[in-house]
>>> print(open('protein_13.cif').read())   # mmCIF, C-alpha atoms
data_model
loop_
_atom_site.label_atom_id
_atom_site.label_comp_id
_atom_site.auth_asym_id
_atom_site.auth_seq_id
_atom_site.Cartn_x
_atom_site.Cartn_y
_atom_site.Cartn_z
CA MET A 680 14.90 -3.71 -15.50
CA ILE A 681 13.57 -3.19 -11.96
CA LYS A 682 16.34 -2.20 -9.55
CA LEU A 683 15.62 -3.61 -6.10
CA MET A 684 17.06 -3.03 -2.63
CA LEU A 685 16.58 -5.59 0.14
CA VAL A 686 16.26 -4.20 3.67
CA ASP A 687 16.15 -6.86 6.40
CA ASP A 688 18.32 -7.59 9.42
CA HIS A 689 18.22 -11.35 8.80
CA ALA A 690 21.03 -12.42 6.47
CA ILE A 691 19.41 -15.79 5.75
CA LEU A 692 16.24 -14.14 4.47
CA ARG A 693 18.18 -11.65 2.34
CA ASP A 694 20.31 -14.44 0.87
CA GLY A 695 17.25 -16.53 0.13
CA LEU A 696 15.42 -13.70 -1.57
CA ARG A 697 18.46 -12.66 -3.57
CA ASN A 698 19.03 -16.21 -4.82
CA LEU A 699 15.41 -16.53 -5.90
CA LEU A 700 15.37 -13.11 -7.53
CA GLU A 701 18.53 -13.77 -9.54
CA VAL A 702 16.58 -16.03 -11.91
CA GLU A 703 14.14 -13.24 -12.80
CA ASP A 704 15.15 -11.48 -16.01
CA ASP A 705 13.46 -8.18 -15.18
CA ILE A 706 14.60 -7.73 -11.55
CA LYS A 707 18.11 -6.92 -10.32
CA VAL A 708 19.16 -6.64 -6.67
CA VAL A 709 21.30 -3.49 -6.57
CA GLY A 710 21.77 -3.24 -2.82
CA GLU A 711 21.17 -4.73 0.60
CA ALA A 712 20.83 -3.15 4.02
CA VAL A 713 20.77 -4.65 7.50
CA SER A 714 19.00 -1.75 9.22
CA GLY A 715 17.03 1.40 8.59
CA GLU A 716 20.07 3.62 9.00
CA ASP A 717 22.03 1.37 6.65
CA ALA A 718 19.30 1.62 4.03
CA LEU A 719 19.11 5.42 4.20
CA SER A 720 22.90 5.70 3.88
CA LYS A 721 23.05 3.43 0.81
CA ILE A 722 19.96 4.35 -1.14
CA ASN A 723 21.45 7.38 -2.88
CA ASN A 724 24.22 5.24 -4.38
CA CYS A 725 22.01 2.25 -5.19
CA LYS A 726 19.12 4.30 -6.61
CA PRO A 727 16.60 1.43 -6.44
CA ASP A 728 13.23 1.55 -8.12
CA VAL A 729 11.73 -0.60 -5.36
CA VAL A 730 12.76 -1.17 -1.75
CA LEU A 731 11.63 -4.47 -0.19
CA MET A 732 11.36 -3.43 3.46
CA ASP A 733 11.09 -5.41 6.68
CA ILE A 734 9.46 -3.75 9.70
CA ASN A 735 11.12 -5.37 12.70
CA MET A 736 14.66 -3.98 12.69
CA PRO A 737 16.92 -2.58 15.44
CA ASN A 738 16.92 1.14 16.34
CA MET A 739 14.66 2.29 13.52
CA ASN A 740 11.79 0.13 12.30
CA GLY A 741 10.70 -0.21 8.69
CA VAL A 742 7.71 2.09 9.10
CA GLU A 743 9.92 4.95 10.28
CA VAL A 744 12.39 4.28 7.48
CA THR A 745 9.57 4.29 4.94
CA GLY A 746 8.42 7.73 6.07
CA LEU A 747 11.92 9.20 5.84
CA LEU A 748 12.68 7.49 2.56
CA LYS A 749 9.48 8.66 0.86
CA LYS A 750 10.16 12.26 1.91
CA GLN A 751 13.68 12.19 0.46
CA TYR A 752 13.01 9.94 -2.54
CA PRO A 753 9.28 10.15 -3.32
CA GLU A 754 9.65 8.31 -6.63
CA THR A 755 11.13 5.23 -4.95
CA LYS A 756 8.53 2.55 -4.28
CA VAL A 757 8.42 0.80 -0.92
CA LEU A 758 6.99 -2.69 -0.57
CA ILE A 759 6.69 -3.85 3.04
CA LEU A 760 7.40 -7.56 3.55
CA THR A 761 6.86 -8.46 7.19
CA MET A 762 5.57 -11.01 9.66
CA HIS A 763 3.47 -8.32 11.38
CA SER A 764 -0.25 -8.34 10.66
CA HIS A 765 -1.11 -5.92 13.48
CA ASP A 766 -3.41 -3.03 12.63
CA GLU A 767 -1.04 -0.36 13.91
CA TYR A 768 1.90 -1.48 11.78
CA PHE A 769 -0.22 -1.86 8.67
CA MET A 770 -2.03 1.46 8.97
CA SER A 771 1.15 3.31 9.96
CA ALA A 772 3.02 1.91 6.97
CA ILE A 773 0.25 2.95 4.58
CA ARG A 774 0.08 6.43 6.09
CA GLU A 775 3.87 6.82 5.79
CA GLY A 776 3.56 6.18 2.07
CA ALA A 777 4.22 2.46 1.61
CA ASP A 778 3.16 1.34 -1.86
CA GLY A 779 2.42 -2.21 -0.79
CA TYR A 780 2.15 -4.45 2.27
CA LEU A 781 2.76 -8.22 2.17
CA LEU A 782 3.15 -10.80 4.92
CA LYS A 783 6.11 -13.16 4.89
CA ASP A 784 3.83 -16.16 4.53
CA ALA A 785 2.98 -14.99 1.01
CA PRO A 786 4.09 -17.36 -1.80
CA PHE A 787 7.24 -16.24 -3.59
CA ASP A 788 5.42 -15.72 -6.89
CA GLN A 789 3.09 -13.31 -5.09
CA VAL A 790 6.12 -11.35 -3.85
CA ILE A 791 7.53 -11.22 -7.38
CA ASN A 792 4.23 -10.01 -8.81
CA ALA A 793 3.97 -7.41 -6.03
CA ILE A 794 7.44 -6.06 -6.85
CA ARG A 795 6.45 -5.69 -10.50
CA THR A 796 3.13 -4.12 -9.56
CA VAL A 797 4.53 -1.41 -7.29
CA ALA A 798 7.33 -0.72 -9.79
CA LYS A 799 4.58 0.24 -12.26
CA GLY A 800 3.15 2.72 -9.78
CA GLU A 801 0.30 0.53 -8.57
CA SER A 802 -0.42 -0.67 -5.04
CA VAL A 803 -0.55 -4.10 -3.42
CA ILE A 804 -2.14 -5.27 -0.16
CA HIS A 805 -1.89 -8.78 1.23
CA PRO A 806 -5.40 -10.30 0.96
CA SER A 807 -5.71 -10.87 4.70
CA MET A 808 -4.80 -7.23 5.39
CA THR A 809 -7.58 -5.71 3.29
CA LYS A 810 -10.10 -6.47 6.05
CA LYS A 811 -7.93 -4.54 8.50
CA LEU A 812 -8.97 -1.36 6.72
CA LEU A 813 -12.58 -2.03 7.65
CA ASN A 814 -11.73 -2.56 11.33
CA PHE A 815 -9.72 0.61 11.71
CA HIS A 816 -11.63 3.40 13.46
CA GLN A 817 -11.21 6.67 11.58
CA GLN A 818 -11.50 9.67 13.93
CA LYS A 819 -11.65 12.51 11.45
CA TRP A 820 -13.70 13.14 8.33
CA GLN A 821 -11.72 15.37 6.02
CA LYS A 822 -14.17 16.91 3.55
CA ASP A 823 -12.04 19.67 2.12
CA SER A 824 -9.06 17.64 0.89
CA THR A 825 -10.57 16.40 -2.36
CA VAL A 826 -12.61 17.53 -5.31
CA LEU A 827 -15.07 14.64 -5.02
CA THR A 828 -18.76 15.46 -5.05
CA GLU A 829 -20.96 14.37 -2.16
CA ARG A 830 -22.31 11.45 -4.21
CA GLU A 831 -18.77 10.41 -5.17
CA LYS A 832 -17.81 10.47 -1.50
CA GLU A 833 -20.74 8.15 -0.77
CA VAL A 834 -19.57 5.79 -3.51
CA LEU A 835 -16.00 6.00 -2.21
CA GLN A 836 -17.23 5.05 1.26
CA CYS A 837 -18.90 2.00 -0.26
CA LEU A 838 -15.69 1.04 -2.07
CA VAL A 839 -13.78 1.20 1.21
CA GLU A 840 -16.44 -1.04 2.75
CA GLY A 841 -15.71 -3.56 0.01
CA LEU A 842 -19.11 -3.39 -1.70
CA SER A 843 -19.55 -4.49 -5.30
CA ASN A 844 -21.05 -2.19 -7.93
CA LYS A 845 -24.36 -4.01 -7.61
CA GLU A 846 -24.35 -3.65 -3.82
CA ILE A 847 -23.47 0.05 -4.12
CA ALA A 848 -26.35 0.55 -6.54
CA GLU A 849 -28.77 -1.10 -4.15
CA LYS A 850 -27.51 0.83 -1.13
CA LEU A 851 -27.61 4.23 -2.83
CA TYR A 852 -30.73 3.54 -4.92
CA ILE A 853 -29.00 4.22 -8.22
CA SER A 854 -28.38 2.10 -11.33
CA ASP A 855 -25.34 -0.11 -11.92
CA LYS A 856 -24.44 2.12 -14.88
CA THR A 857 -24.47 5.21 -12.68
CA VAL A 858 -22.22 3.46 -10.15
CA LYS A 859 -19.73 2.63 -12.90
CA ILE A 860 -19.68 6.27 -13.98
CA HIS A 861 -19.07 7.48 -10.42
CA VAL A 862 -16.31 4.88 -9.87
CA SER A 863 -14.64 5.91 -13.13
CA LYS A 864 -14.73 9.58 -12.11
CA ILE A 865 -13.33 8.77 -8.65
CA PHE A 866 -10.45 6.80 -10.18
CA LYS A 867 -9.69 9.68 -12.55
CA LYS A 868 -9.85 12.40 -9.88
CA LEU A 869 -7.71 10.46 -7.40
CA ASN A 870 -5.36 9.23 -10.14
CA VAL A 871 -5.73 5.54 -9.25
CA LYS A 872 -6.31 2.47 -11.40
CA SER A 873 -7.80 -0.15 -9.09
CA ARG A 874 -10.05 -0.62 -6.07
CA SER A 875 -7.10 -1.53 -3.85
CA GLN A 876 -5.37 1.72 -4.83
CA VAL A 877 -8.46 3.81 -4.13
CA VAL A 878 -8.82 2.19 -0.68
CA ILE A 879 -5.17 2.95 0.15
CA TYR A 880 -5.57 6.52 -1.09
CA ALA A 881 -8.72 7.02 0.99
CA VAL A 882 -6.92 5.78 4.12
CA GLN A 883 -3.76 7.81 3.54
CA HIS A 884 -5.70 11.04 2.96
CA GLN A 885 -8.46 10.39 5.50
CA LEU A 886 -11.17 10.90 2.91
CA VAL A 887 -13.78 8.69 4.52
CA PRO A 888 -14.57 7.53 8.06
CA LEU A 889 -13.88 3.82 8.26
CA PRO A 890 -16.37 1.60 10.14
CA ASP A 891 -15.83 1.06 13.84
CA SER A 892 -14.75 -2.49 14.75
CA ASN A 893 -17.73 -2.62 17.09
#
>>> encode(input="protein_13.cif", output="structure tokens")
Amino acid sequence: MIKLMLVDDHAILRDGLRNLLEVEDDIKVVGEAVSGEDALSKINNCKPDVVLMDINMPNMNGVEVTGLLKKQYPETKVLILTMHSHDEYFMSAIREGADGYLLKDAPFDQVINAIRTVAKGESVIHPSMTKKLLNFHQQKWQKDSTVLTEREKEVLQCLVEGLSNKEIAEKLYISDKTVKIHVSKIFKKLNVKSRSQVVIYAVQHQLVPLPDSN
């Protein structure tokens, strides 16, 4: 059973989500909060597996709450559900440790699947937000924070750029089989299971310089 906390200052949205979630056999709403402070004060008693977090809240926004929550309860998963598609909110949320980022225009079944996905320790990004990663200008290349080889860093850069294995092979002048081996090693070293997870990890840890929007 996935224990879920809803954090949103709009009662109508919380009520709607709770009513829809009640029919799911594997998800139970164990708490609700109307603000960031409210969430932080209740989380110890609720002990949720996943927190469904809004960003736009009074006094303390969801990004700030996420950062504080992940420091105190690192095992708790945070799934951002917001109307904000701005680069700064998205990137800040990822850097603060958010495990997923969805927009409120996402279909309900996508929200449900995202809750289950982050509960398993995987990551979720709203499809329209993935491109934001490619438009974010990275100012620092951090070479000493990982055990990746130089070739693996090149492959990782290609993954962040959204290239397929075939496109990576062509760009780096190596075979498709060699690309698959490098990707497998990168996943193992970074302890991730999917391309979306490896992109999030690369952004959070500043492993590669992302392309300039120009």
>>> atom_distance(input="protein_13.cif", atom1="CA of Ser863 in chain A", atom2="CA of His884 in chain A")
19.1 Å
>>> resolve_selection(input="protein_13.cif", expression="the PyMOL selection byres ((chain A and resi 705) around 12)", output="list of chain:residue names")
A:Met680, A:Ile681, A:Lys682, A:Leu683, A:Leu700, A:Glu701, A:Val702, A:Glu703, A:Asp704, A:Ile706, A:Lys707, A:Val708, A:Ile791, A:Asn792, A:Ile794, A:Arg795, A:Ala798
>>> residues_near_point(input="protein_13.cif", point="(13.5, 2.0, 3.8)", cutoff="12 Å", atoms="all atoms listed in the file", output="MDAnalysis selection string")
chainID A and resid 683:687 710:723 727:736 739:753 755:760 772 775:778
>>> closest_residue(input="protein_13.cif", among="A:Tyr780, A:Lys872, A:Ala690, A:Val887", to="Glu833 in chain A", atoms="all atoms listed in the file")
A:Val887
>>> atom_distance(input="protein_13.cif", atom1="CA of Asp784 in chain A", atom2="CA of Gly695 in chain A")
14.1 Å
>>> closest_residue(input="protein_13.cif", among="A:Leu886, A:Val871, A:Val790, A:Ile860", to="Leu835 in chain A", atoms="all atoms listed in the file")
A:Leu886
>>> closest_residue(input="protein_13.cif", among="A:Leu699, A:Ile773, A:Ile691, A:Val878", to="Phe787 in chain A", atoms="all atoms listed in the file")
A:Leu699
>>> axis_aligned_box(input="protein_13.cif", around="range 685-688 of chain A", padding_each_side="8 Å", output="JSON")
{"center_x": 17.2, "center_y": -5.9, "center_z": 4.8, "size_x": 18.2, "size_y": 19.4, "size_z": 25.3}
>>> closest_residue(input="protein_13.cif", among="A:His805, A:Lys868, A:Arg774, A:Arg830", to="Leu851 in chain A", atoms="all atoms listed in the file")
A:Arg830
>>> closest_residue(input="protein_13.cif", among="A:Val882, A:Lys864, A:Gly779, A:Pro786", to="Leu827 in chain A", atoms="all atoms listed in the file")
A:Lys864
>>> atom_distance(input="protein_13.cif", atom1="CA of Met770 in chain A", atom2="CA of Gln885 in chain A")
11.5 Å
>>> resolve_selection(input="protein_13.cif", expression="the PyMOL selection byres ((chain A and resi 783) around 8)", output="PyMOL selection string")
chain A and resi 760-762+781-782+784-785
>>> resolve_selection(input="protein_13.cif", expression="the PyMOL selection byres ((chain A and resi 845) around 10)", output="ChimeraX atom specification")
/A:842-844,846-850,853-856,858-859
>>> build_atoms(input="protein_13.cif", residues="range 772-783 of chain A", atoms="all heavy atoms", output="PDB file, in the coordinates of the input")
ATOM      1  N   ALA A 772       2.229   2.056   8.198  1.00  0.00           N
ATOM      2  CA  ALA A 772       3.020   1.910   6.970  1.00  0.00           C
ATOM      3  C   ALA A 772       2.324   2.562   5.792  1.00  0.00           C
ATOM      4  O   ALA A 772       2.955   3.268   4.986  1.00  0.00           O
ATOM      5  CB  ALA A 772       3.272   0.422   6.691  1.00  0.00           C
ATOM      6  N   ILE A 773       1.010   2.351   5.677  1.00  0.00           N
ATOM      7  CA  ILE A 773       0.250   2.950   4.580  1.00  0.00           C
ATOM      8  C   ILE A 773       0.272   4.472   4.689  1.00  0.00           C
ATOM      9  O   ILE A 773       0.478   5.184   3.702  1.00  0.00           O
ATOM     10  CB  ILE A 773      -1.212   2.446   4.592  1.00  0.00           C
ATOM     11  CG1 ILE A 773      -1.258   0.947   4.296  1.00  0.00           C
ATOM     12  CG2 ILE A 773      -2.046   3.209   3.568  1.00  0.00           C
ATOM     13  CD1 ILE A 773      -0.687   0.535   2.970  1.00  0.00           C
ATOM     14  N   ARG A 774       0.103   4.976   5.901  1.00  0.00           N
ATOM     15  CA  ARG A 774       0.080   6.430   6.090  1.00  0.00           C
ATOM     16  C   ARG A 774       1.453   7.061   5.821  1.00  0.00           C
ATOM     17  O   ARG A 774       1.540   8.218   5.424  1.00  0.00           O
ATOM     18  CB  ARG A 774      -0.384   6.783   7.498  1.00  0.00           C
ATOM     19  CG  ARG A 774      -1.879   6.575   7.686  1.00  0.00           C
ATOM     20  CD  ARG A 774      -2.310   6.914   9.098  1.00  0.00           C
ATOM     21  NE  ARG A 774      -3.734   6.661   9.248  1.00  0.00           N
ATOM     22  CZ  ARG A 774      -4.670   7.572   9.138  1.00  0.00           C
ATOM     23  NH1 ARG A 774      -4.349   8.806   8.855  1.00  0.00           N
ATOM     24  NH2 ARG A 774      -5.945   7.260   9.282  1.00  0.00           N
ATOM     25  N   GLU A 775       2.520   6.300   6.045  1.00  0.00           N
ATOM     26  CA  GLU A 775       3.870   6.820   5.790  1.00  0.00           C
ATOM     27  C   GLU A 775       4.231   6.758   4.314  1.00  0.00           C
ATOM     28  O   GLU A 775       5.297   7.210   3.916  1.00  0.00           O
ATOM     29  CB  GLU A 775       4.905   6.048   6.620  1.00  0.00           C
ATOM     30  CG  GLU A 775       4.860   6.326   8.111  1.00  0.00           C
ATOM     31  CD  GLU A 775       5.192   7.769   8.461  1.00  0.00           C
ATOM     32  OE1 GLU A 775       5.880   8.436   7.656  1.00  0.00           O
ATOM     33  OE2 GLU A 775       4.757   8.242   9.528  1.00  0.00           O
ATOM     34  N   GLY A 776       3.337   6.169   3.510  1.00  0.00           N
ATOM     35  CA  GLY A 776       3.560   6.180   2.070  1.00  0.00           C
ATOM     36  C   GLY A 776       3.943   4.867   1.430  1.00  0.00           C
ATOM     37  O   GLY A 776       4.310   4.838   0.252  1.00  0.00           O
ATOM     38  N   ALA A 777       3.882   3.762   2.187  1.00  0.00           N
ATOM     39  CA  ALA A 777       4.220   2.460   1.610  1.00  0.00           C
ATOM     40  C   ALA A 777       3.323   2.171   0.414  1.00  0.00           C
ATOM     41  O   ALA A 777       2.121   2.439   0.439  1.00  0.00           O
ATOM     42  CB  ALA A 777       4.062   1.357   2.662  1.00  0.00           C
ATOM     43  N   ASP A 778       3.908   1.630  -0.637  1.00  0.00           N
ATOM     44  CA  ASP A 778       3.160   1.340  -1.860  1.00  0.00           C
ATOM     45  C   ASP A 778       2.549  -0.050  -1.841  1.00  0.00           C
ATOM     46  O   ASP A 778       1.705  -0.369  -2.680  1.00  0.00           O
ATOM     47  CB  ASP A 778       4.094   1.467  -3.070  1.00  0.00           C
ATOM     48  CG  ASP A 778       4.684   2.865  -3.170  1.00  0.00           C
ATOM     49  OD1 ASP A 778       3.989   3.756  -3.674  1.00  0.00           O
ATOM     50  OD2 ASP A 778       5.838   3.058  -2.737  1.00  0.00           O
ATOM     51  N   GLY A 779       2.974  -0.873  -0.902  1.00  0.00           N
ATOM     52  CA  GLY A 779       2.420  -2.210  -0.790  1.00  0.00           C
ATOM     53  C   GLY A 779       2.740  -2.810   0.568  1.00  0.00           C
ATOM     54  O   GLY A 779       3.662  -2.354   1.268  1.00  0.00           O
ATOM     55  N   TYR A 780       1.970  -3.817   0.966  1.00  0.00           N
ATOM     56  CA  TYR A 780       2.150  -4.450   2.270  1.00  0.00           C
ATOM     57  C   TYR A 780       1.858  -5.939   2.122  1.00  0.00           C
ATOM     58  O   TYR A 780       0.726  -6.339   1.864  1.00  0.00           O
ATOM     59  CB  TYR A 780       1.206  -3.831   3.296  1.00  0.00           C
ATOM     60  CG  TYR A 780       1.548  -4.102   4.745  1.00  0.00           C
ATOM     61  CD1 TYR A 780       2.164  -3.119   5.523  1.00  0.00           C
ATOM     62  CD2 TYR A 780       1.242  -5.317   5.350  1.00  0.00           C
ATOM     63  CE1 TYR A 780       2.458  -3.346   6.860  1.00  0.00           C
ATOM     64  CE2 TYR A 780       1.541  -5.554   6.681  1.00  0.00           C
ATOM     65  CZ  TYR A 780       2.152  -4.561   7.436  1.00  0.00           C
ATOM     66  OH  TYR A 780       2.447  -4.797   8.757  1.00  0.00           O
ATOM     67  N   LEU A 781       2.899  -6.766   2.260  1.00  0.00           N
ATOM     68  CA  LEU A 781       2.760  -8.220   2.170  1.00  0.00           C
ATOM     69  C   LEU A 781       3.254  -8.867   3.458  1.00  0.00           C
ATOM     70  O   LEU A 781       4.153  -8.334   4.125  1.00  0.00           O
ATOM     71  CB  LEU A 781       3.572  -8.777   1.000  1.00  0.00           C
ATOM     72  CG  LEU A 781       3.067  -8.537  -0.425  1.00  0.00           C
ATOM     73  CD1 LEU A 781       3.985  -9.251  -1.405  1.00  0.00           C
ATOM     74  CD2 LEU A 781       1.646  -9.023  -0.597  1.00  0.00           C
ATOM     75  N   LEU A 782       2.683 -10.014   3.781  1.00  0.00           N
ATOM     76  CA  LEU A 782       3.150 -10.800   4.920  1.00  0.00           C
ATOM     77  C   LEU A 782       4.147 -11.842   4.411  1.00  0.00           C
ATOM     78  O   LEU A 782       4.084 -12.283   3.262  1.00  0.00           O
ATOM     79  CB  LEU A 782       1.975 -11.477   5.618  1.00  0.00           C
ATOM     80  CG  LEU A 782       0.903 -10.535   6.164  1.00  0.00           C
ATOM     81  CD1 LEU A 782      -0.179 -11.344   6.886  1.00  0.00           C
ATOM     82  CD2 LEU A 782       1.504  -9.498   7.102  1.00  0.00           C
ATOM     83  N   LYS A 783       5.055 -12.249   5.292  1.00  0.00           N
ATOM     84  CA  LYS A 783       6.110 -13.160   4.890  1.00  0.00           C
ATOM     85  C   LYS A 783       5.635 -14.575   4.607  1.00  0.00           C
ATOM     86  O   LYS A 783       6.420 -15.402   4.131  1.00  0.00           O
ATOM     87  CB  LYS A 783       7.234 -13.170   5.936  1.00  0.00           C
ATOM     88  CG  LYS A 783       8.069 -11.892   5.916  1.00  0.00           C
ATOM     89  CD  LYS A 783       9.240 -11.947   6.890  1.00  0.00           C
ATOM     90  CE  LYS A 783      10.097 -10.699   6.761  1.00  0.00           C
ATOM     91  NZ  LYS A 783      11.235 -10.690   7.719  1.00  0.00           N
TER      92      LYS A 783
END
